[in-house]
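Asks: Provided below: coords.cif, containing mmCIF, C-alpha atoms.
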```cif
data_upload
loop_
_atom_site.label_atom_id
_atom_site.label_comp_id
_atom_site.auth_asym_id
_atom_site.auth_seq_id
_atom_site.Cartn_x
_atom_site.Cartn_y
_atom_site.Cartn_z
CA MET A 1 7.23 -8.29 15.09
CA ASN A 2 3.92 -8.19 16.96
CA VAL A 3 0.94 -9.13 14.79
CA LEU A 4 -2.73 -8.71 15.65
CA TRP A 5 -4.89 -10.98 13.48
CA VAL A 6 -8.50 -9.79 13.26
CA PHE A 7 -10.71 -12.60 11.93
CA ALA A 8 -14.28 -11.97 10.78
CA HIS A 9 -15.93 -15.20 9.63
CA PRO A 10 -18.74 -17.05 11.42
CA GLU A 11 -17.49 -20.58 10.64
CA GLN A 12 -14.29 -21.96 12.13
CA ARG A 13 -14.28 -24.87 9.65
CA SER A 14 -14.46 -22.59 6.62
CA LEU A 15 -11.82 -21.94 4.00
CA SER A 16 -11.16 -18.68 5.82
CA GLY A 17 -10.62 -20.54 9.09
CA SER A 18 -8.12 -22.89 7.46
CA LEU A 19 -6.22 -20.01 5.88
CA ARG A 20 -6.17 -18.18 9.21
CA ASP A 21 -4.57 -21.21 10.84
CA GLU A 22 -2.01 -21.42 8.03
CA GLY A 23 -1.24 -17.75 8.43
CA VAL A 24 -0.82 -17.75 12.19
CA ARG A 25 1.37 -20.85 11.99
CA THR A 26 3.54 -19.20 9.34
CA LEU A 27 4.04 -16.07 11.44
CA THR A 28 4.72 -18.01 14.63
CA GLU A 29 7.25 -20.29 12.96
CA ALA A 30 9.02 -17.18 11.64
CA GLY A 31 9.42 -15.93 15.21
CA HIS A 32 6.68 -13.30 15.26
CA ALA A 33 4.34 -12.86 18.22
CA CYS A 34 0.64 -13.21 17.32
CA ARG A 35 -2.57 -12.26 19.07
CA MET A 36 -6.06 -13.00 17.77
CA SER A 37 -9.34 -11.14 17.71
CA ASP A 38 -11.81 -13.72 16.42
CA LEU A 39 -14.84 -11.45 16.31
CA TYR A 40 -17.60 -14.02 15.94
CA ALA A 41 -16.06 -16.32 18.56
CA MET A 42 -15.77 -13.33 20.90
CA GLY A 43 -19.42 -12.43 20.41
CA TRP A 44 -18.27 -8.96 19.40
CA LYS A 45 -20.98 -6.31 19.64
CA ALA A 46 -21.08 -4.60 16.26
CA THR A 47 -23.18 -1.54 17.07
CA VAL A 48 -22.15 1.71 18.70
CA ASP A 49 -24.47 2.77 21.53
CA ARG A 50 -24.49 4.31 25.00
CA ASP A 51 -23.14 1.12 26.55
CA ASP A 52 -19.78 1.94 24.95
CA TYR A 53 -19.48 4.97 27.23
CA PRO A 54 -20.66 3.81 30.68
CA ARG A 55 -20.06 7.16 32.36
CA HIS A 56 -21.92 9.24 29.81
CA ALA A 57 -24.81 10.90 31.62
CA PRO A 58 -28.09 9.34 30.44
CA GLU A 59 -29.82 12.70 30.30
CA GLU A 60 -27.19 14.14 27.95
CA ARG A 61 -27.51 13.93 24.19
CA LEU A 62 -25.18 11.28 22.79
CA ILE A 63 -22.77 12.83 20.29
CA ILE A 64 -20.59 9.89 19.30
CA GLY A 65 -17.38 11.76 18.49
CA THR A 66 -17.49 13.83 21.65
CA ALA A 67 -18.52 10.97 23.91
CA SER A 68 -15.96 8.54 22.53
CA ARG A 69 -13.12 11.04 22.77
CA GLN A 70 -14.01 11.89 26.36
CA ALA A 71 -14.31 8.22 27.32
CA HIS A 72 -10.96 7.48 25.69
CA ARG A 73 -9.28 10.35 27.51
CA THR A 74 -10.66 9.27 30.87
CA GLY A 75 -10.16 5.53 30.38
CA THR A 76 -13.89 4.87 30.66
CA LEU A 77 -14.65 3.18 27.36
CA SER A 78 -16.35 -0.20 27.77
CA PRO A 79 -13.88 -2.99 28.67
CA ASP A 80 -14.19 -4.81 25.34
CA ILE A 81 -13.17 -1.67 23.42
CA ARG A 82 -10.25 -0.98 25.74
CA ALA A 83 -9.05 -4.58 25.31
CA GLU A 84 -8.97 -4.20 21.52
CA GLN A 85 -7.19 -0.86 21.75
CA GLU A 86 -4.56 -2.46 23.98
CA LYS A 87 -4.00 -5.10 21.30
CA LEU A 88 -3.61 -2.37 18.67
CA ASP A 89 -1.13 -0.48 20.85
CA TRP A 90 0.87 -3.71 21.17
CA ALA A 91 0.79 -4.58 17.46
CA ASP A 92 3.28 -3.51 14.81
CA THR A 93 1.15 -5.07 12.07
CA VAL A 94 -2.56 -5.82 11.81
CA VAL A 95 -3.95 -8.56 9.57
CA LEU A 96 -7.62 -8.11 8.71
CA GLN A 97 -9.21 -11.27 7.32
CA PHE A 98 -12.77 -11.44 6.04
CA PRO A 99 -14.99 -12.66 3.19
CA LEU A 100 -16.11 -9.98 0.75
CA TRP A 101 -19.83 -9.51 1.34
CA TRP A 102 -21.71 -7.00 -0.80
CA TYR A 103 -18.43 -5.37 -1.85
CA SER A 104 -17.47 -4.69 1.75
CA THR A 105 -16.59 -6.25 5.09
CA PRO A 106 -19.02 -8.26 7.19
CA ALA A 107 -20.99 -6.00 9.54
CA ILE A 108 -19.17 -7.38 12.58
CA LEU A 109 -15.83 -6.11 11.27
CA LYS A 110 -17.29 -2.73 10.34
CA GLY A 111 -18.58 -2.59 13.89
CA TRP A 112 -15.09 -3.35 15.21
CA PHE A 113 -13.79 -0.27 13.40
CA ASP A 114 -16.78 1.81 14.50
CA ARG A 115 -16.32 0.99 18.16
CA VAL A 116 -12.53 0.63 18.51
CA PHE A 117 -11.20 3.39 16.23
CA VAL A 118 -12.58 6.14 18.45
CA LYS A 119 -11.80 9.84 18.28
CA GLY A 120 -8.55 10.69 19.99
CA PHE A 121 -7.25 7.13 19.60
CA ALA A 122 -7.27 6.33 15.88
CA TYR A 123 -8.40 9.67 14.45
CA GLY A 124 -9.04 13.20 15.59
CA VAL A 125 -5.43 13.58 16.72
CA PRO A 126 -4.43 17.27 16.59
CA ASP A 127 -1.66 18.33 14.22
CA PRO A 128 0.90 20.22 16.33
CA ARG A 129 2.22 21.97 13.23
CA ARG A 130 -1.17 23.25 12.07
CA PRO A 131 -3.51 24.39 14.85
CA GLY A 132 -7.09 23.44 14.14
CA ARG A 133 -6.16 20.57 11.83
CA ASN A 134 -5.90 16.87 12.58
CA LEU A 135 -3.37 14.26 11.51
CA ARG A 136 -4.88 12.10 8.76
CA TYR A 137 -4.00 10.13 5.62
CA GLY A 138 -0.55 8.84 6.43
CA GLU A 139 -0.42 10.35 9.90
CA GLY A 140 -2.62 9.89 12.92
CA GLY A 141 -3.19 7.72 15.94
CA LEU A 142 -2.11 4.47 14.27
CA ALA A 143 0.81 5.83 12.24
CA GLY A 144 3.81 3.55 12.08
CA LYS A 145 1.75 0.36 11.89
CA ARG A 146 1.30 -1.81 8.83
CA ALA A 147 -1.97 -3.46 7.80
CA LEU A 148 -2.57 -6.43 5.52
CA VAL A 149 -6.05 -7.31 4.24
CA VAL A 150 -6.68 -11.00 3.52
CA VAL A 151 -9.95 -11.32 1.64
CA THR A 152 -11.81 -14.31 0.24
CA VAL A 153 -14.03 -13.66 -2.78
CA GLY A 154 -16.71 -15.93 -4.18
CA SER A 155 -16.28 -14.61 -7.71
CA PRO A 156 -13.52 -15.69 -10.08
CA GLU A 157 -10.67 -13.22 -10.45
CA ALA A 158 -11.43 -11.86 -13.93
CA PRO A 159 -14.60 -9.91 -13.03
CA PHE A 160 -12.56 -8.08 -10.37
CA GLY A 161 -9.86 -7.12 -12.87
CA PRO A 162 -9.24 -3.68 -14.43
CA ARG A 163 -12.17 -4.06 -16.88
CA GLY A 164 -14.25 -6.55 -14.89
CA VAL A 165 -17.92 -5.98 -14.19
CA HIS A 166 -17.43 -5.90 -10.41
CA GLY A 167 -14.75 -3.21 -10.49
CA GLN A 168 -11.06 -3.53 -9.83
CA LEU A 169 -10.55 -5.07 -6.39
CA ASP A 170 -8.20 -2.42 -5.01
CA GLN A 171 -10.82 0.20 -5.92
CA VAL A 172 -13.64 -1.85 -4.39
CA LEU A 173 -11.56 -1.96 -1.19
CA PHE A 174 -10.58 1.72 -1.41
CA PRO A 175 -12.92 2.79 1.43
CA LEU A 176 -11.16 0.32 3.73
CA LEU A 177 -7.58 0.63 2.49
CA HIS A 178 -7.55 4.40 2.06
CA GLY A 179 -10.54 5.68 4.00
CA THR A 180 -9.98 3.65 7.18
CA LEU A 181 -6.43 2.31 7.34
CA TRP A 182 -4.50 5.10 5.60
CA TYR A 183 -6.80 7.72 7.16
CA THR A 184 -5.67 6.64 10.63
CA GLY A 185 -2.02 6.52 9.58
CA MET A 186 -1.62 2.81 8.93
CA ALA A 187 0.44 1.78 5.90
CA ALA A 188 -1.87 -0.48 3.90
CA LEU A 189 -0.12 -3.30 2.05
CA PRO A 190 -1.44 -4.71 -1.24
CA PRO A 191 -4.20 -7.12 -0.20
CA VAL A 192 -4.06 -10.89 -0.42
CA ALA A 193 -7.10 -12.02 -2.40
CA VAL A 194 -8.31 -15.60 -2.81
CA TYR A 195 -10.92 -15.88 -5.57
CA GLY A 196 -13.50 -18.48 -6.54
CA THR A 197 -14.08 -19.58 -2.98
CA GLU A 198 -17.53 -21.10 -3.53
CA ARG A 199 -15.86 -24.28 -4.78
CA VAL A 200 -12.22 -24.81 -3.87
CA SER A 201 -10.37 -27.93 -4.97
CA PRO A 202 -7.46 -29.32 -2.95
CA GLU A 203 -5.13 -27.92 -5.60
CA ALA A 204 -6.71 -24.47 -5.41
CA TYR A 205 -6.48 -24.51 -1.63
CA ALA A 206 -2.79 -25.41 -1.81
CA GLU A 207 -2.21 -22.47 -4.15
CA ALA A 208 -4.09 -20.11 -1.83
CA ALA A 209 -2.18 -21.31 1.22
CA THR A 210 1.12 -20.92 -0.60
CA LEU A 211 0.20 -17.38 -1.68
CA LEU A 212 -0.68 -16.43 1.90
CA ARG A 213 2.49 -17.96 3.34
CA GLU A 214 4.63 -16.13 0.78
CA ARG A 215 2.97 -12.80 1.46
CA LEU A 216 3.30 -13.23 5.22
CA ALA A 217 6.95 -14.22 4.90
CA ALA A 218 7.56 -10.87 3.17
CA ILE A 219 5.24 -8.78 5.32
CA GLU A 220 8.00 -6.70 6.90
CA ASP A 221 9.55 -5.78 3.55
CA THR A 222 6.52 -5.42 1.26
CA PRO A 223 6.15 -1.83 0.00
CA PRO A 224 2.80 -0.36 1.05
CA ILE A 225 0.26 1.02 -1.38
CA PRO A 226 1.66 4.45 -2.36
CA TYR A 227 -1.21 6.70 -1.33
CA ARG A 228 -0.56 10.42 -1.14
CA THR A 229 -0.19 11.91 2.32
CA GLN A 230 -2.61 14.67 3.27
CA ASN A 231 0.11 16.98 4.54
CA GLY A 232 2.84 16.16 2.05
CA GLY A 233 2.13 19.13 -0.23
CA ASP A 234 -0.06 17.50 -2.88
CA TYR A 235 -3.33 18.86 -1.43
CA ASP A 236 -4.32 22.49 -0.92
CA ASP A 237 -5.93 23.98 2.18
CA ALA A 238 -9.34 22.76 1.01
CA LEU A 239 -7.88 19.22 0.85
CA VAL A 240 -8.19 19.10 -2.94
CA LEU A 241 -5.27 18.05 -5.14
CA ARG A 242 -3.33 21.02 -6.42
CA PRO A 243 -3.87 21.73 -10.14
CA GLU A 244 -0.34 20.66 -11.09
CA VAL A 245 -0.72 17.24 -9.41
CA ALA A 246 -2.16 14.64 -11.81
CA PRO A 247 -3.65 17.52 -13.83
CA ASP A 248 -5.67 15.35 -16.21
CA GLY A 249 -6.83 12.84 -13.62
CA THR A 250 -9.98 12.38 -11.57
CA GLY A 251 -11.41 9.68 -9.39
CA LEU A 252 -9.64 7.32 -7.09
CA GLU A 253 -6.48 6.96 -9.16
CA VAL A 254 -5.32 10.51 -8.47
CA HIS A 255 -4.78 9.68 -4.79
CA TYR A 256 -1.97 7.27 -5.64
CA ALA A 257 1.49 8.86 -5.68
CA CYS A 258 2.58 6.78 -8.66
#
```
Translate the structure described by the file into structure tokens.

Replies:
Amino acid sequence: MNVLWVFAHPEQRSLSGSLRDEGVRTLTEAGHACRMSDLYAMGWKATVDRDDYPRHAPEERLIIGTASRQAHRTGTLSPDIRAEQEKLDWADTVVLQFPLWWYSTPAILKGWFDRVFVKGFAYGVPDPRRPGRNLRYGEGGLAGKRALVVVTVGSPEAPFGPRGVHGQLDQVLFPLLHGTLWYTGMAALPPVAVYGTERVSPEAYAEAATLLRERLAAIEDTPPIPYRTQNGGDYDDALVLRPEVAPDGTGLEVHYAC
């Protein structure tokens, strides 16, 4: 299996850095091929701008979707974007590791998605069965790949539980798991979460490392989160759940198939 590990933490000597090393070692010892995108170490540019599309005429209005799709088609995206897309083409599985900051990813990782997941590559892929529609939510440019989120959280676990004040973690991560990964066709696995990371004892670190190793050892066989597919019949032409599907439900839960 080919694994791309995308790491978004500014400190190599952090808990996250140690867990990354544990994870890559576990995958390598199991015979998997690993490549790394260490975004801070790479000096990754997080903002989309004209420099991403070097051949876009300066006098033309910059419409990001149009410009990125054209640059992708013609092979004229900036070299750093093309390098990351090549890694994604190579990978069977993508591991996304980051600390939870303000209920989301660090800006540098959001910028990686913004710049790399361009139209025509990760999304905006026409549906050959339905002219005028695109392949999304279970289908798309990255369909067939698996994705595992590894997230470190400063809070203890309880406040991120089903009745916790912060909200249930899988729902906090819904925009990433469903709105980015599943949207582009990637099968999102249940995330690996390490809680209470402000103060981690040697015993707690050993538990976290064991959890990560166990999850990585099972990465090929772990069932993905059972999100509904857009084109599987559950949604109508307006992309709203049909009345007979989860008839009494609303909110994020209705987009799970079970």

Asks: Using only C-alpha atoms, can you tell me which of A:Glu253, A:Asp236, A:Asp114, A:Asp92 comes closest to Glu220 of chain A?

Replies: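 Using only C-alpha atoms, Glu220 of chain A sits closest to A:Asp92.
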
Asks: Enter the distance from atom CA of Leu88 of chain A to atom CA of Ala147 of chain A, in Å, rounded to one decimal.

Replies: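 Interatomic distance here is 11.0 Å.
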
Asks: On this structure, the PyMOL selection byres ((chain A and resi 245) around 12) would catch which residues? List them as JSON, numbers by chain, sorted by chain and number.

Replies: {"A": [228, 233, 234, 235, 236, 240, 241, 242, 243, 244, 246, 247, 248, 249, 250, 253, 254, 255, 256, 257, 258]}

Asks: Could you list the residues chosen by the PyMOL selection byres ((chain A and resi 123) around 9) in this structure as a PyMOL selection string?

Replies: chain A and resi 117-122+124-126+134-136+140-142+183-185

Asks: Excluding segment 69-80 of chain A and its own-chain neighbours fewer than 6 positions away, which residues fall within 12 Å of it when counting all atoms listed in the file? Please give them as a VMD selection string.

Replies: chain A and resid 37 39 42 to 46 48 to 57 62 to 63 86 to 87 112 115 to 125

Asks: Rounded to one decimal, what separation in Å do you get between atom CA of Ile64 of chain A and atom CA of Val3 of chain A?

Replies: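 Computing it gives 29.1 Å between the two atoms.
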
Asks: I'd like the neighbourhood of Leu212 of chain A as a PyMOL selection string, where a residue qualifies if any of its atoms comes within 10 Å (using all atoms listed in the file), though same-chain residues fewer than 3 positions away should be ignored.

Replies: chain A and resi 19-20+22-23+26+150+192-194+206-209+215-217

Asks: Can you tell me which residues surround Phe160 of chain A at a distance of at most 12 Å, considering all atoms listed in the file, apart from same-chain residues fewer than 4 positions away, and format the answer as a PDB file with C-alpha atoms, in the frame of the given file?

Replies:
```
ATOM      1  CA  LEU A 100     -16.110  -9.980   0.750  1.00  0.00           C
ATOM      2  CA  TYR A 103     -18.430  -5.370  -1.850  1.00  0.00           C
ATOM      3  CA  VAL A 153     -14.030 -13.660  -2.780  1.00  0.00           C
ATOM      4  CA  GLY A 154     -16.710 -15.930  -4.180  1.00  0.00           C
ATOM      5  CA  SER A 155     -16.280 -14.610  -7.710  1.00  0.00           C
ATOM      6  CA  PRO A 156     -13.520 -15.690 -10.080  1.00  0.00           C
ATOM      7  CA  GLY A 164     -14.250  -6.550 -14.890  1.00  0.00           C
ATOM      8  CA  VAL A 165     -17.920  -5.980 -14.190  1.00  0.00           C
ATOM      9  CA  HIS A 166     -17.430  -5.900 -10.410  1.00  0.00           C
ATOM     10  CA  GLY A 167     -14.750  -3.210 -10.490  1.00  0.00           C
ATOM     11  CA  GLN A 168     -11.060  -3.530  -9.830  1.00  0.00           C
ATOM     12  CA  LEU A 169     -10.550  -5.070  -6.390  1.00  0.00           C
ATOM     13  CA  ASP A 170      -8.200  -2.420  -5.010  1.00  0.00           C
ATOM     14  CA  GLN A 171     -10.820   0.200  -5.920  1.00  0.00           C
ATOM     15  CA  VAL A 172     -13.640  -1.850  -4.390  1.00  0.00           C
ATOM     16  CA  LEU A 173     -11.560  -1.960  -1.190  1.00  0.00           C
ATOM     17  CA  ALA A 193      -7.100 -12.020  -2.400  1.00  0.00           C
ATOM     18  CA  VAL A 194      -8.310 -15.600  -2.810  1.00  0.00           C
ATOM     19  CA  TYR A 195     -10.920 -15.880  -5.570  1.00  0.00           C
ATOM     20  CA  GLY A 196     -13.500 -18.480  -6.540  1.00  0.00           C
TER      21      GLY A 196
END
```

Asks: Could you add N, CA and C atoms to segment 58-87 of chain A and give me the result as a PDB file, keeping the file's coordinate frame?

Replies:
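Below is the file rebuild35.pdb, written as the result:
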```
ATOM      1  N   PRO A  58     -26.953   9.763  31.263  1.00  0.00           N
ATOM      2  CA  PRO A  58     -28.090   9.340  30.440  1.00  0.00           C
ATOM      3  C   PRO A  58     -28.976  10.477  29.970  1.00  0.00           C
ATOM      4  N   GLU A  59     -28.979  11.583  30.711  1.00  0.00           N
ATOM      5  CA  GLU A  59     -29.820  12.700  30.300  1.00  0.00           C
ATOM      6  C   GLU A  59     -29.177  13.564  29.234  1.00  0.00           C
ATOM      7  N   GLU A  60     -27.888  13.335  28.950  1.00  0.00           N
ATOM      8  CA  GLU A  60     -27.190  14.140  27.950  1.00  0.00           C
ATOM      9  C   GLU A  60     -27.347  13.526  26.563  1.00  0.00           C
ATOM     10  N   ARG A  61     -27.474  14.380  25.589  1.00  0.00           N
ATOM     11  CA  ARG A  61     -27.510  13.930  24.190  1.00  0.00           C
ATOM     12  C   ARG A  61     -26.223  13.198  23.863  1.00  0.00           C
ATOM     13  N   LEU A  62     -26.348  12.074  23.155  1.00  0.00           N
ATOM     14  CA  LEU A  62     -25.180  11.280  22.790  1.00  0.00           C
ATOM     15  C   LEU A  62     -24.624  11.748  21.454  1.00  0.00           C
ATOM     16  N   ILE A  63     -23.502  12.454  21.485  1.00  0.00           N
ATOM     17  CA  ILE A  63     -22.770  12.830  20.290  1.00  0.00           C
ATOM     18  C   ILE A  63     -21.556  11.919  20.231  1.00  0.00           C
ATOM     19  N   ILE A  64     -21.536  11.007  19.275  1.00  0.00           N
ATOM     20  CA  ILE A  64     -20.590   9.890  19.300  1.00  0.00           C
ATOM     21  C   ILE A  64     -19.143  10.367  19.366  1.00  0.00           C
ATOM     22  N   GLY A  65     -18.766  11.307  18.495  1.00  0.00           N
ATOM     23  CA  GLY A  65     -17.380  11.760  18.490  1.00  0.00           C
ATOM     24  C   GLY A  65     -16.959  12.351  19.824  1.00  0.00           C
ATOM     25  N   THR A  66     -17.800  13.191  20.381  1.00  0.00           N
ATOM     26  CA  THR A  66     -17.490  13.830  21.650  1.00  0.00           C
ATOM     27  C   THR A  66     -17.449  12.825  22.793  1.00  0.00           C
ATOM     28  N   ALA A  67     -18.449  11.950  22.827  1.00  0.00           N
ATOM     29  CA  ALA A  67     -18.520  10.970  23.910  1.00  0.00           C
ATOM     30  C   ALA A  67     -17.375   9.970  23.849  1.00  0.00           C
ATOM     31  N   SER A  68     -17.036   9.525  22.646  1.00  0.00           N
ATOM     32  CA  SER A  68     -15.960   8.540  22.530  1.00  0.00           C
ATOM     33  C   SER A  68     -14.615   9.152  22.867  1.00  0.00           C
ATOM     34  N   ARG A  69     -14.383  10.383  22.446  1.00  0.00           N
ATOM     35  CA  ARG A  69     -13.120  11.040  22.770  1.00  0.00           C
ATOM     36  C   ARG A  69     -12.982  11.248  24.279  1.00  0.00           C
ATOM     37  N   GLN A  70     -14.052  11.676  24.922  1.00  0.00           N
ATOM     38  CA  GLN A  70     -14.010  11.890  26.360  1.00  0.00           C
ATOM     39  C   GLN A  70     -13.782  10.570  27.098  1.00  0.00           C
ATOM     40  N   ALA A  71     -14.473   9.526  26.661  1.00  0.00           N
ATOM     41  CA  ALA A  71     -14.310   8.220  27.320  1.00  0.00           C
ATOM     42  C   ALA A  71     -12.905   7.676  27.109  1.00  0.00           C
ATOM     43  N   HIS A  72     -12.344   7.915  25.925  1.00  0.00           N
ATOM     44  CA  HIS A  72     -10.960   7.480  25.690  1.00  0.00           C
ATOM     45  C   HIS A  72      -9.993   8.241  26.594  1.00  0.00           C
ATOM     46  N   ARG A  73     -10.171   9.532  26.687  1.00  0.00           N
ATOM     47  CA  ARG A  73      -9.280  10.350  27.510  1.00  0.00           C
ATOM     48  C   ARG A  73      -9.319   9.931  28.979  1.00  0.00           C
ATOM     49  N   THR A  74     -10.488   9.580  29.452  1.00  0.00           N
ATOM     50  CA  THR A  74     -10.660   9.270  30.870  1.00  0.00           C
ATOM     51  C   THR A  74     -10.548   7.782  31.184  1.00  0.00           C
ATOM     52  N   GLY A  75     -10.289   6.965  30.161  1.00  0.00           N
ATOM     53  CA  GLY A  75     -10.160   5.530  30.380  1.00  0.00           C
ATOM     54  C   GLY A  75     -11.461   4.857  30.751  1.00  0.00           C
ATOM     55  N   THR A  76     -12.587   5.409  30.274  1.00  0.00           N
ATOM     56  CA  THR A  76     -13.890   4.870  30.660  1.00  0.00           C
ATOM     57  C   THR A  76     -14.661   4.260  29.501  1.00  0.00           C
ATOM     58  N   LEU A  77     -14.003   3.969  28.403  1.00  0.00           N
ATOM     59  CA  LEU A  77     -14.650   3.180  27.360  1.00  0.00           C
ATOM     60  C   LEU A  77     -15.013   1.811  27.914  1.00  0.00           C
ATOM     61  N   SER A  78     -15.967   1.131  27.295  1.00  0.00           N
ATOM     62  CA  SER A  78     -16.350  -0.200  27.770  1.00  0.00           C
ATOM     63  C   SER A  78     -15.137  -1.135  27.706  1.00  0.00           C
ATOM     64  N   PRO A  79     -15.070  -2.128  28.588  1.00  0.00           N
ATOM     65  CA  PRO A  79     -13.880  -2.990  28.670  1.00  0.00           C
ATOM     66  C   PRO A  79     -13.524  -3.691  27.375  1.00  0.00           C
ATOM     67  N   ASP A  80     -14.524  -4.100  26.575  1.00  0.00           N
ATOM     68  CA  ASP A  80     -14.190  -4.810  25.340  1.00  0.00           C
ATOM     69  C   ASP A  80     -13.479  -3.889  24.352  1.00  0.00           C
ATOM     70  N   ILE A  81     -13.862  -2.615  24.297  1.00  0.00           N
ATOM     71  CA  ILE A  81     -13.170  -1.670  23.420  1.00  0.00           C
ATOM     72  C   ILE A  81     -11.753  -1.438  23.910  1.00  0.00           C
ATOM     73  N   ARG A  82     -11.584  -1.238  25.201  1.00  0.00           N
ATOM     74  CA  ARG A  82     -10.250  -0.980  25.740  1.00  0.00           C
ATOM     75  C   ARG A  82      -9.330  -2.170  25.505  1.00  0.00           C
ATOM     76  N   ALA A  83      -9.872  -3.391  25.560  1.00  0.00           N
ATOM     77  CA  ALA A  83      -9.050  -4.580  25.310  1.00  0.00           C
ATOM     78  C   ALA A  83      -8.545  -4.600  23.873  1.00  0.00           C
ATOM     79  N   GLU A  84      -9.404  -4.225  22.921  1.00  0.00           N
ATOM     80  CA  GLU A  84      -8.970  -4.200  21.520  1.00  0.00           C
ATOM     81  C   GLU A  84      -7.972  -3.078  21.271  1.00  0.00           C
ATOM     82  N   GLN A  85      -8.154  -1.949  21.909  1.00  0.00           N
ATOM     83  CA  GLN A  85      -7.190  -0.860  21.750  1.00  0.00           C
ATOM     84  C   GLN A  85      -5.832  -1.240  22.330  1.00  0.00           C
ATOM     85  N   GLU A  86      -5.832  -1.994  23.413  1.00  0.00           N
ATOM     86  CA  GLU A  86      -4.560  -2.460  23.980  1.00  0.00           C
ATOM     87  C   GLU A  86      -3.847  -3.379  22.995  1.00  0.00           C
ATOM     88  N   LYS A  87      -4.600  -4.235  22.313  1.00  0.00           N
ATOM     89  CA  LYS A  87      -4.000  -5.100  21.300  1.00  0.00           C
ATOM     90  C   LYS A  87      -3.402  -4.268  20.165  1.00  0.00           C
TER      91      LYS A  87
END
```
